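*Asks:* Below: one structure in structure tokens.
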Amino acid sequence: MLLSEIEHNPESLSATVWQQLANQVLAGQSVTRQQALSILGSPDDQLLDLISSAFRLRHKNFGKTVQLYFLMNAKSGLCPEDCNYCSQSKVSDAPVPKYNILSRDKLLDGARLAAERKSKTYCIVISGRAPNEREMKAVETIVPQIKEQYGLNICACLGLLDEDQAKRLKAAGVDKVNHNLNTSREHYAEICTTHTFDDRVETLKNVRKAGMELCSGGIIGMGEKHEDIVNMAFELNELSVESIPLNFLHAIDGTPLEQKEYLNPRDCLRALCMFRFVNPTSELRIAGGRERHLRSLQPLGLYIANSIFVGDYLTTQGQPPQEDYDMINDLGFEITGSCMT
Ligand code: SF4
């Protein structure tokens with residue numbers, strides 16, 4: 001089968017067609033939206049061939065390395081926004097902890113844990129629409145201390161940021177800002193009405209202008225169409241996002257999306273493959289929902305993605321870190337850039 005036939009006949013794909021698609025990307029030619037859609041719609045019988053093709057792109061850019069990230073929920077709950085997937089939103093009844101920004105000692109404790117768990121990056125996350133002055137000052141104060149004491153990279157996830165706030169974070173030593181697009185522009189109003197997709201894009205542009213790296217991804221499994229997932233992957237490509245966390249909706253009781261759990265592990269792997277093909281040089285992280293949705297197929301995900309979170313997520317539990325280390329070891333992969341190695 002010829003590569004052009006991917007676009008017209010996804011049902012009868014042969015193994016070689018995915019290798020041809022990888023050849024195309026390795027030769028510097030981007031995949032088309034139609035080819036990306038074909039990845040999402042490809043049959044289970046083609047999954048291993050698709051993964052082995054995606055692995056060639058992963059290998060070219062990241063070898064067999066795995067980058068670990070560690071999350072700290074530095075402020076929880078109390079959010080005035082209405083993101084339907086989020087247990088910390090004003091429309092959620094989920095019994096999540098509610099607290100204001102953590103003390104200096106607790107943030108430093110988190111950094112110590114991140115370093116002990118072989119993470120190179122400490123992600124400081126606060127709930128809310130945008131950081132207030134007190135939160136900005138807390139982050140500006142703690143970041144240099146963490147860097148000096150533990151040598152960790154810092155990713156800040158503080159909500160919407162204006163240009164001035166982005167510049168201040170850069171000056172404080174923040175390396176990267178996380179602000180997820182979450183879904184496509186077209187689907188955005190279905191999951192949130194208190195801010196827009198364009199608000200999120202503007203924050204990413206402010207971060208870029210300030211000279212920091214972008215971390216931005218999305219959530220699969222919120223009732224979106226395949227076209228939405230593809231559109232999000234292309235938006236991230238247009239923004240040249242360096243690091244893409246891909247979450248799989250963990251529908252939490254008490255949130256508006258509590259009934260929405262329909263993903264299977266093969267869907268998740270196809271979505272990861274599509275993101276790898278559209279964003280071959282971006283770090284791709286299997287994020288929230290990894291254990292719940294990929295289940296026994298988690299190791300296959302690491303042939304496509306090159307990063308995971310170690311430890312817990314913001315309001316849900318991850319698997320014990322040792323299981324992640326064992327998985328990475330069993331694959332013959334290696335943790336990269338750890339501050340403890
Ligand atoms: S802005 Fe952030 S914390 Fe607030 S509801 Fe949305 S995702 Fe949750």
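Letters A, B, ... mark the chains of the structure tokens in the order given; residue numbers begin at 1 per chain; ligand numbers begin at 1, in order shown.
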Show me which residues line ligand 1, defined as having an atom within 10 Å of a ligand atom where only C-alpha atoms and all ligand atoms count, and present them as a PyMOL selection string.
*Replies:* chain A and resi 75-92+125-130+157-160+179-180+182+191-192+194-195+314
*Asks:* How would the residues just picked look written out with N, CA and C atoms as a short mmCIF file (atom, residue, chain, number, x, y, z; two decimals), in the first residue's frame?
*Replies:*
```
data_model
loop_
_atom_site.label_atom_id
_atom_site.label_comp_id
_atom_site.auth_asym_id
_atom_site.auth_seq_id
_atom_site.Cartn_x
_atom_site.Cartn_y
_atom_site.Cartn_z
N LYS A 75 -1.40 24.64 45.80
CA LYS A 75 -2.63 25.28 46.31
C LYS A 75 -3.77 24.45 45.76
N SER A 76 -4.70 24.03 46.60
CA SER A 76 -5.69 23.06 46.14
C SER A 76 -7.11 23.57 46.33
N GLY A 77 -7.96 23.26 45.36
CA GLY A 77 -9.38 23.63 45.46
C GLY A 77 -9.56 25.13 45.33
N LEU A 78 -10.73 25.60 45.76
CA LEU A 78 -11.00 27.05 45.88
C LEU A 78 -10.95 27.77 44.52
N CYS A 79 -11.16 27.07 43.42
CA CYS A 79 -11.01 27.72 42.12
C CYS A 79 -12.34 28.26 41.61
N PRO A 80 -12.36 29.50 41.14
CA PRO A 80 -13.61 30.09 40.64
C PRO A 80 -13.95 29.69 39.20
N GLU A 81 -13.08 28.93 38.55
CA GLU A 81 -13.33 28.56 37.16
C GLU A 81 -14.21 27.29 37.10
N ASP A 82 -14.71 26.99 35.90
CA ASP A 82 -15.65 25.86 35.81
C ASP A 82 -15.19 24.75 34.85
N CYS A 83 -13.90 24.49 34.81
CA CYS A 83 -13.39 23.40 33.96
C CYS A 83 -14.06 22.09 34.39
N ASN A 84 -14.80 21.50 33.47
CA ASN A 84 -15.67 20.37 33.82
C ASN A 84 -14.95 19.12 34.27
N TYR A 85 -13.71 18.99 33.88
CA TYR A 85 -12.93 17.79 34.19
C TYR A 85 -12.25 17.88 35.55
N CYS A 86 -12.26 19.10 36.13
CA CYS A 86 -11.36 19.35 37.27
C CYS A 86 -12.08 19.24 38.61
N SER A 87 -11.48 18.48 39.52
CA SER A 87 -12.10 18.26 40.83
C SER A 87 -11.95 19.50 41.72
N GLN A 88 -11.17 20.49 41.28
CA GLN A 88 -10.94 21.68 42.11
C GLN A 88 -11.78 22.88 41.66
N SER A 89 -12.65 22.67 40.67
CA SER A 89 -13.41 23.79 40.11
C SER A 89 -14.61 24.14 40.99
N LYS A 90 -15.19 25.29 40.71
CA LYS A 90 -16.35 25.73 41.50
C LYS A 90 -17.58 24.84 41.23
N VAL A 91 -17.59 24.09 40.13
CA VAL A 91 -18.75 23.25 39.84
C VAL A 91 -18.51 21.80 40.26
N SER A 92 -17.46 21.56 40.99
CA SER A 92 -17.16 20.20 41.45
C SER A 92 -17.56 20.01 42.90
N VAL A 125 2.29 23.62 41.12
CA VAL A 125 0.98 23.83 40.51
C VAL A 125 0.05 24.49 41.53
N ILE A 126 -0.62 25.55 41.13
CA ILE A 126 -1.64 26.10 42.02
C ILE A 126 -2.98 26.14 41.27
N SER A 127 -4.04 25.90 42.02
CA SER A 127 -5.38 26.00 41.43
C SER A 127 -5.72 27.48 41.30
N GLY A 128 -6.67 27.77 40.42
CA GLY A 128 -7.12 29.16 40.29
C GLY A 128 -7.05 29.66 38.87
N ARG A 129 -7.74 30.77 38.63
CA ARG A 129 -7.75 31.34 37.28
C ARG A 129 -6.38 31.93 36.93
N ALA A 130 -5.80 32.65 37.89
CA ALA A 130 -4.52 33.33 37.68
C ALA A 130 -3.89 33.57 39.04
N CYS A 157 2.96 26.10 37.11
CA CYS A 157 1.62 26.02 36.52
C CYS A 157 0.70 26.84 37.42
N LEU A 158 0.52 28.11 37.04
CA LEU A 158 -0.14 29.06 37.94
C LEU A 158 -1.43 29.62 37.36
N GLY A 159 -1.87 29.12 36.22
CA GLY A 159 -3.06 29.68 35.58
C GLY A 159 -2.68 30.70 34.53
N LEU A 160 -3.64 31.58 34.22
CA LEU A 160 -3.41 32.58 33.17
C LEU A 160 -2.35 33.57 33.63
N HIS A 179 0.78 25.26 30.86
CA HIS A 179 -0.58 25.77 30.71
C HIS A 179 -1.20 24.95 29.59
N ASN A 180 -2.06 24.03 29.93
CA ASN A 180 -2.56 23.08 28.93
C ASN A 180 -3.65 23.69 28.06
N ASN A 182 -5.71 21.64 26.68
CA ASN A 182 -6.72 20.67 27.15
C ASN A 182 -7.54 20.02 26.05
N ILE A 191 -16.18 22.30 27.62
CA ILE A 191 -15.54 21.88 28.87
C ILE A 191 -15.30 23.03 29.84
N CYS A 192 -15.45 24.27 29.35
CA CYS A 192 -15.20 25.42 30.23
C CYS A 192 -15.84 26.67 29.64
N THR A 194 -15.68 29.77 31.68
CA THR A 194 -15.19 30.95 32.42
C THR A 194 -13.92 31.55 31.82
N HIS A 195 -13.28 30.82 30.94
CA HIS A 195 -12.22 31.42 30.13
C HIS A 195 -12.22 30.71 28.79
N LEU A 314 -2.37 15.54 40.78
CA LEU A 314 -2.81 16.64 41.65
C LEU A 314 -3.80 16.19 42.71
#
```
*Asks:* Just want the 12 Å neighbourhood of A:Tyr150, counted on only C-alpha atoms, with same-chain residues fewer than 4 positions away dropped. Output as an mmCIF file with N, CA and C atoms, in the first residue's frame.
*Replies:*
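To be explicit, this is the file written out as result-v5.cif:
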```cif
data_model
loop_
_atom_site.group_PDB
_atom_site.id
_atom_site.type_symbol
_atom_site.label_atom_id
_atom_site.label_comp_id
_atom_site.auth_asym_id
_atom_site.auth_seq_id
_atom_site.Cartn_x
_atom_site.Cartn_y
_atom_site.Cartn_z
ATOM 1 N N LEU A 108 9.685 23.300 49.928
ATOM 2 C CA LEU A 108 11.049 22.739 49.916
ATOM 3 C C LEU A 108 11.031 21.233 50.157
ATOM 4 N N ASP A 109 10.132 20.793 51.034
ATOM 5 C CA ASP A 109 9.981 19.347 51.269
ATOM 6 C C ASP A 109 9.621 18.628 49.976
ATOM 7 N N GLY A 110 8.720 19.247 49.217
ATOM 8 C CA GLY A 110 8.314 18.674 47.930
ATOM 9 C C GLY A 110 9.490 18.583 46.985
ATOM 10 N N ALA A 111 10.330 19.603 46.987
ATOM 11 C CA ALA A 111 11.508 19.602 46.105
ATOM 12 C C ALA A 111 12.457 18.471 46.496
ATOM 13 N N ARG A 112 12.610 18.268 47.795
ATOM 14 C CA ARG A 112 13.486 17.173 48.264
ATOM 15 C C ARG A 112 12.954 15.828 47.765
ATOM 16 N N LEU A 113 11.625 15.682 47.877
ATOM 17 C CA LEU A 113 10.998 14.439 47.422
ATOM 18 C C LEU A 113 11.184 14.249 45.915
ATOM 19 N N ALA A 114 11.045 15.351 45.167
ATOM 20 C CA ALA A 114 11.225 15.271 43.703
ATOM 21 C C ALA A 114 12.632 14.764 43.388
ATOM 22 N N ALA A 115 13.635 15.336 44.070
ATOM 23 C CA ALA A 115 15.015 14.927 43.819
ATOM 24 C C ALA A 115 15.221 13.468 44.232
ATOM 25 N N GLU A 116 14.674 13.084 45.378
ATOM 26 C CA GLU A 116 14.824 11.688 45.844
ATOM 27 C C GLU A 116 14.181 10.713 44.864
ATOM 28 N N LYS A 118 14.151 10.914 41.723
ATOM 29 C CA LYS A 118 14.873 10.913 40.445
ATOM 30 C C LYS A 118 14.216 11.779 39.384
ATOM 31 N N SER A 119 13.430 12.746 39.836
ATOM 32 C CA SER A 119 12.836 13.673 38.878
ATOM 33 C C SER A 119 13.805 14.814 38.636
ATOM 34 N N LYS A 120 13.851 15.275 37.394
ATOM 35 C CA LYS A 120 14.717 16.409 37.088
ATOM 36 C C LYS A 120 13.923 17.714 37.215
ATOM 37 N N THR A 121 12.613 17.587 37.145
ATOM 38 C CA THR A 121 11.779 18.791 37.139
ATOM 39 C C THR A 121 10.745 18.743 38.249
ATOM 40 N N TYR A 122 10.647 19.851 38.942
ATOM 41 C CA TYR A 122 9.675 20.012 40.028
ATOM 42 C C TYR A 122 8.586 20.938 39.491
ATOM 43 N N ILE A 142 10.607 31.167 46.438
ATOM 44 C CA ILE A 142 11.017 29.776 46.659
ATOM 45 C C ILE A 142 11.862 29.214 45.509
ATOM 46 N N VAL A 143 11.619 29.683 44.303
ATOM 47 C CA VAL A 143 12.302 29.077 43.148
ATOM 48 C C VAL A 143 13.834 29.166 43.261
ATOM 49 N N PRO A 144 14.410 30.335 43.552
ATOM 50 C CA PRO A 144 15.880 30.360 43.670
ATOM 51 C C PRO A 144 16.383 29.440 44.778
ATOM 52 N N GLN A 145 15.632 29.331 45.873
ATOM 53 C CA GLN A 145 16.066 28.455 46.979
ATOM 54 C C GLN A 145 16.070 26.992 46.538
ATOM 55 N N ILE A 146 15.030 26.603 45.819
ATOM 56 C CA ILE A 146 14.954 25.205 45.352
ATOM 57 C C ILE A 146 16.099 24.916 44.384
ATOM 58 N N ILE A 154 12.506 23.987 37.207
ATOM 59 C CA ILE A 154 11.199 24.356 37.750
ATOM 60 C C ILE A 154 10.209 24.602 36.620
ATOM 61 N N SER A 338 18.442 12.923 35.935
ATOM 62 C CA SER A 338 18.064 12.939 37.329
ATOM 63 C C SER A 338 19.108 13.666 38.156
ATOM 64 N N CYS A 339 18.638 14.418 39.133
ATOM 65 C CA CYS A 339 19.570 15.164 39.965
ATOM 66 C C CYS A 339 20.236 14.268 41.000
ATOM 67 N N MET A 340 19.806 13.028 41.102
ATOM 68 C CA MET A 340 20.365 12.132 42.113
ATOM 69 C C MET A 340 21.337 11.144 41.462
#
```
*Asks:* Choose the residue, out of A:Glu235, A:Leu302, A:Leu26, A:Cys215, that has the smallest atom-to-atom separation from A:Asn329; count only C-alpha atoms.
*Replies:* A:Leu302
*Asks:* Of the candidates A:Thr255, A:Asn153, A:Asn247, A:Ser53, which one gets nearest to A:Ile286 if we count only C-alpha atoms?
*Replies:*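 Of the candidates, the smallest distance to A:Ile286 is held by A:Asn247.
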*Asks:* Based on DSSP run over this structure's backbone, return all residues of stretch 53-264 of chain A in alpha helix (DSSP H), as a tab-separated table (two decimals) with N, CA and C atoms, in the first residue's frame.
*Replies:*
```tsv
chain	number	residue	atom	x	y	z
A	53	SER	N	6.65	2.15	14.54
A	53	SER	CA	6.99	3.32	13.70
A	53	SER	C	7.17	4.56	14.56
A	54	ALA	N	6.26	4.74	15.51
A	54	ALA	CA	6.38	5.90	16.41
A	54	ALA	C	7.67	5.81	17.23
A	55	PHE	N	8.08	4.59	17.56
A	55	PHE	CA	9.31	4.40	18.34
A	55	PHE	C	10.53	4.93	17.58
A	56	ARG	N	10.50	4.80	16.25
A	56	ARG	CA	11.64	5.33	15.47
A	56	ARG	C	11.77	6.84	15.66
A	57	LEU	N	10.65	7.53	15.75
A	57	LEU	CA	10.69	8.99	15.95
A	57	LEU	C	11.14	9.31	17.37
A	58	ARG	N	10.63	8.55	18.32
A	58	ARG	CA	11.05	8.73	19.72
A	58	ARG	C	12.55	8.49	19.85
A	59	HIS	N	13.00	7.40	19.22
A	59	HIS	CA	14.40	7.01	19.35
A	59	HIS	C	15.32	8.04	18.73
A	60	LYS	N	14.92	8.55	17.57
A	60	LYS	CA	15.78	9.54	16.90
A	60	LYS	C	15.97	10.77	17.79
A	61	ASN	N	14.93	11.18	18.48
A	61	ASN	CA	15.00	12.44	19.23
A	61	ASN	C	15.36	12.26	20.70
A	62	PHE	N	15.05	11.11	21.26
A	62	PHE	CA	15.24	10.94	22.71
A	62	PHE	C	15.93	9.63	23.08
A	104	ARG	N	6.80	27.87	52.72
A	104	ARG	CA	8.14	27.68	52.16
A	104	ARG	C	8.66	26.27	52.51
A	105	ASP	N	8.50	25.86	53.78
A	105	ASP	CA	9.04	24.56	54.21
A	105	ASP	C	8.39	23.41	53.44
A	106	LYS	N	7.07	23.52	53.24
A	106	LYS	CA	6.39	22.42	52.53
A	106	LYS	C	6.80	22.38	51.06
A	107	LEU	N	6.99	23.55	50.47
A	107	LEU	CA	7.43	23.56	49.06
A	107	LEU	C	8.85	23.00	48.94
A	108	LEU	N	9.68	23.30	49.93
A	108	LEU	CA	11.05	22.74	49.92
A	108	LEU	C	11.03	21.23	50.16
A	109	ASP	N	10.13	20.79	51.03
A	109	ASP	CA	9.98	19.35	51.27
A	109	ASP	C	9.62	18.63	49.98
A	110	GLY	N	8.72	19.25	49.22
A	110	GLY	CA	8.31	18.67	47.93
A	110	GLY	C	9.49	18.58	46.98
A	111	ALA	N	10.33	19.60	46.99
A	111	ALA	CA	11.51	19.60	46.10
A	111	ALA	C	12.46	18.47	46.50
A	112	ARG	N	12.61	18.27	47.80
A	112	ARG	CA	13.49	17.17	48.26
A	112	ARG	C	12.95	15.83	47.76
A	113	LEU	N	11.63	15.68	47.88
A	113	LEU	CA	11.00	14.44	47.42
A	113	LEU	C	11.18	14.25	45.91
A	114	ALA	N	11.05	15.35	45.17
A	114	ALA	CA	11.23	15.27	43.70
A	114	ALA	C	12.63	14.76	43.39
A	115	ALA	N	13.64	15.34	44.07
A	115	ALA	CA	15.02	14.93	43.82
A	115	ALA	C	15.22	13.47	44.23
A	116	GLU	N	14.67	13.08	45.38
A	116	GLU	CA	14.82	11.69	45.84
A	116	GLU	C	14.18	10.71	44.86
A	133	GLU	N	-0.99	38.35	43.83
A	133	GLU	CA	0.33	38.89	44.15
A	133	GLU	C	1.05	38.04	45.21
A	134	ARG	N	0.29	37.59	46.19
A	134	ARG	CA	0.90	36.78	47.25
A	134	ARG	C	1.49	35.49	46.67
A	135	GLU	N	0.73	34.89	45.75
A	135	GLU	CA	1.20	33.64	45.13
A	135	GLU	C	2.42	33.89	44.24
A	136	MET	N	2.38	34.98	43.50
A	136	MET	CA	3.54	35.32	42.67
A	136	MET	C	4.78	35.47	43.54
A	137	LYS	N	4.62	36.21	44.64
A	137	LYS	CA	5.79	36.47	45.51
A	137	LYS	C	6.30	35.17	46.12
A	138	ALA	N	5.35	34.29	46.51
A	138	ALA	CA	5.77	33.01	47.10
A	138	ALA	C	6.60	32.22	46.10
A	139	VAL	N	6.18	32.19	44.85
A	139	VAL	CA	6.92	31.44	43.83
A	139	VAL	C	8.26	32.12	43.56
A	140	GLU	N	8.25	33.44	43.45
A	140	GLU	CA	9.52	34.15	43.20
A	140	GLU	C	10.53	33.91	44.32
A	141	THR	N	10.03	33.76	45.53
A	141	THR	CA	10.94	33.55	46.67
A	141	THR	C	11.48	32.13	46.71
A	142	ILE	N	10.61	31.17	46.44
A	142	ILE	CA	11.02	29.78	46.66
A	142	ILE	C	11.86	29.21	45.51
A	143	VAL	N	11.62	29.68	44.30
A	143	VAL	CA	12.30	29.08	43.15
A	143	VAL	C	13.83	29.17	43.26
A	144	PRO	N	14.41	30.34	43.55
A	144	PRO	CA	15.88	30.36	43.67
A	144	PRO	C	16.38	29.44	44.78
A	145	GLN	N	15.63	29.33	45.87
A	145	GLN	CA	16.07	28.45	46.98
A	145	GLN	C	16.07	26.99	46.54
A	146	ILE	N	15.03	26.60	45.82
A	146	ILE	CA	14.95	25.21	45.35
A	146	ILE	C	16.10	24.92	44.38
A	147	LYS	N	16.35	25.86	43.51
A	147	LYS	CA	17.40	25.62	42.51
A	147	LYS	C	18.76	25.51	43.18
A	148	GLU	N	18.97	26.35	44.16
A	148	GLU	CA	20.26	26.33	44.84
A	148	GLU	C	20.44	25.05	45.64
A	149	GLN	N	19.36	24.65	46.32
A	149	GLN	CA	19.46	23.49	47.22
A	149	GLN	C	19.43	22.16	46.48
A	150	TYR	N	18.60	22.06	45.44
A	150	TYR	CA	18.40	20.75	44.80
A	150	TYR	C	18.77	20.71	43.31
A	163	GLU	N	1.89	39.39	30.51
A	163	GLU	CA	3.30	39.52	30.09
A	163	GLU	C	4.21	39.82	31.27
A	164	ASP	N	3.74	40.71	32.14
A	164	ASP	CA	4.57	41.10	33.27
A	164	ASP	C	4.81	39.92	34.23
A	165	GLN	N	3.76	39.18	34.50
A	165	GLN	CA	3.91	38.01	35.39
A	165	GLN	C	4.88	36.99	34.79
A	166	ALA	N	4.76	36.79	33.47
A	166	ALA	CA	5.66	35.83	32.82
A	166	ALA	C	7.11	36.31	32.96
A	167	LYS	N	7.34	37.59	32.77
A	167	LYS	CA	8.71	38.12	32.90
A	167	LYS	C	9.23	37.93	34.32
A	168	ARG	N	8.37	38.15	35.29
A	168	ARG	CA	8.80	37.99	36.68
A	168	ARG	C	9.18	36.53	36.97
A	169	LEU	N	8.42	35.60	36.44
A	169	LEU	CA	8.75	34.18	36.67
A	169	LEU	C	10.09	33.83	36.03
A	170	LYS	N	10.29	34.34	34.84
A	170	LYS	CA	11.58	34.09	34.16
A	170	LYS	C	12.73	34.66	35.02
A	171	ALA	N	12.52	35.87	35.53
A	171	ALA	CA	13.59	36.50	36.32
A	171	ALA	C	13.85	35.72	37.60
A	172	ALA	N	12.84	35.05	38.12
A	172	ALA	CA	13.01	34.28	39.36
A	172	ALA	C	13.72	32.94	39.11
A	188	TYR	N	-13.70	23.62	23.07
A	188	TYR	CA	-13.36	24.24	24.35
A	188	TYR	C	-14.58	24.66	25.18
A	189	ALA	N	-15.56	25.27	24.50
A	189	ALA	CA	-16.72	25.78	25.25
A	189	ALA	C	-17.53	24.65	25.90
A	190	GLU	N	-17.33	23.43	25.44
A	190	GLU	CA	-18.03	22.28	26.04
A	190	GLU	C	-17.43	21.91	27.40
A	191	ILE	N	-16.18	22.30	27.62
A	191	ILE	CA	-15.54	21.88	28.87
A	191	ILE	C	-15.30	23.03	29.84
A	197	PHE	N	-10.34	29.35	24.99
A	197	PHE	CA	-9.15	28.73	24.39
A	197	PHE	C	-8.12	29.81	24.07
A	198	ASP	N	-8.61	30.94	23.55
A	198	ASP	CA	-7.67	32.02	23.18
A	198	ASP	C	-6.99	32.61	24.40
A	199	ASP	N	-7.70	32.65	25.55
A	199	ASP	CA	-7.03	33.11	26.78
A	199	ASP	C	-5.81	32.22	27.05
A	200	ARG	N	-6.01	30.93	26.84
A	200	ARG	CA	-4.90	30.00	27.14
A	200	ARG	C	-3.75	30.19	26.15
A	201	VAL	N	-4.11	30.37	24.89
A	201	VAL	CA	-3.06	30.58	23.89
A	201	VAL	C	-2.29	31.86	24.21
A	202	GLU	N	-3.00	32.89	24.65
A	202	GLU	CA	-2.32	34.16	24.96
A	202	GLU	C	-1.30	33.97	26.09
A	203	THR	N	-1.69	33.20	27.10
A	203	THR	CA	-0.73	32.92	28.18
A	203	THR	C	0.52	32.24	27.63
A	204	LEU	N	0.31	31.26	26.76
A	204	LEU	CA	1.48	30.56	26.20
A	204	LEU	C	2.36	31.53	25.42
A	205	LYS	N	1.73	32.45	24.71
A	205	LYS	CA	2.53	33.43	23.95
A	205	LYS	C	3.28	34.36	24.89
A	206	ASN	N	2.67	34.74	26.00
A	206	ASN	CA	3.36	35.59	26.98
A	206	ASN	C	4.57	34.87	27.58
A	207	VAL	N	4.39	33.58	27.84
A	207	VAL	CA	5.49	32.78	28.38
A	207	VAL	C	6.64	32.72	27.38
A	208	ARG	N	6.29	32.50	26.15
A	208	ARG	CA	7.32	32.43	25.10
A	208	ARG	C	8.06	33.76	24.98
A	209	LYS	N	7.29	34.85	25.00
A	209	LYS	CA	7.90	36.18	24.89
A	209	LYS	C	8.89	36.43	26.03
A	210	ALA	N	8.55	35.90	27.19
A	210	ALA	CA	9.43	36.10	28.36
A	210	ALA	C	10.67	35.21	28.30
A	226	HIS	N	-12.40	12.76	17.11
A	226	HIS	CA	-11.01	12.57	16.68
A	226	HIS	C	-10.45	13.86	16.08
A	227	GLU	N	-11.31	14.58	15.36
A	227	GLU	CA	-10.86	15.85	14.74
A	227	GLU	C	-10.36	16.82	15.82
A	228	ASP	N	-11.03	16.82	16.98
A	228	ASP	CA	-10.61	17.73	18.06
A	228	ASP	C	-9.22	17.36	18.56
A	229	ILE	N	-8.98	16.06	18.71
A	229	ILE	CA	-7.68	15.63	19.23
A	229	ILE	C	-6.59	16.02	18.23
A	230	VAL	N	-6.89	15.81	16.95
A	230	VAL	CA	-5.91	16.18	15.91
A	230	VAL	C	-5.69	17.69	15.90
A	231	ASN	N	-6.76	18.46	15.98
A	231	ASN	CA	-6.61	19.92	15.97
A	231	ASN	C	-5.74	20.39	17.14
A	232	MET	N	-5.96	19.79	18.32
A	232	MET	CA	-5.15	20.17	19.47
A	232	MET	C	-3.66	19.85	19.21
A	233	ALA	N	-3.40	18.68	18.66
A	233	ALA	CA	-2.00	18.29	18.39
A	233	ALA	C	-1.35	19.28	17.42
A	234	PHE	N	-2.10	19.73	16.43
A	234	PHE	CA	-1.54	20.69	15.47
A	234	PHE	C	-1.38	22.07	16.09
A	235	GLU	N	-2.31	22.48	16.95
A	235	GLU	CA	-2.15	23.78	17.65
A	235	GLU	C	-0.85	23.78	18.45
A	236	LEU	N	-0.60	22.68	19.15
A	236	LEU	CA	0.62	22.59	19.97
A	236	LEU	C	1.86	22.64	19.07
A	237	ASN	N	1.74	22.04	17.90
A	237	ASN	CA	2.86	22.08	16.96
A	237	ASN	C	3.10	23.51	16.47
A	238	GLU	N	2.02	24.22	16.19
A	238	GLU	CA	2.19	25.61	15.71
A	238	GLU	C	2.81	26.50	16.79
```
*Asks:* So how many Å separate atom CA of A:Thr281 and atom CA of A:Asn23, to one decimal?
*Replies:*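 Taking atom CA of A:Thr281 and atom CA of A:Asn23, their separation equals 14.5 Å.
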*Asks:* Which residue is closest to A:Ala287? Choose from A:Leu272, A:Ala22, A:Val174, A:Leu257 and count only C-alpha atoms.
*Replies:*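 Comparing A:Leu272, A:Ala22, A:Val174, A:Leu257 against A:Ala287, the winner is A:Leu272.
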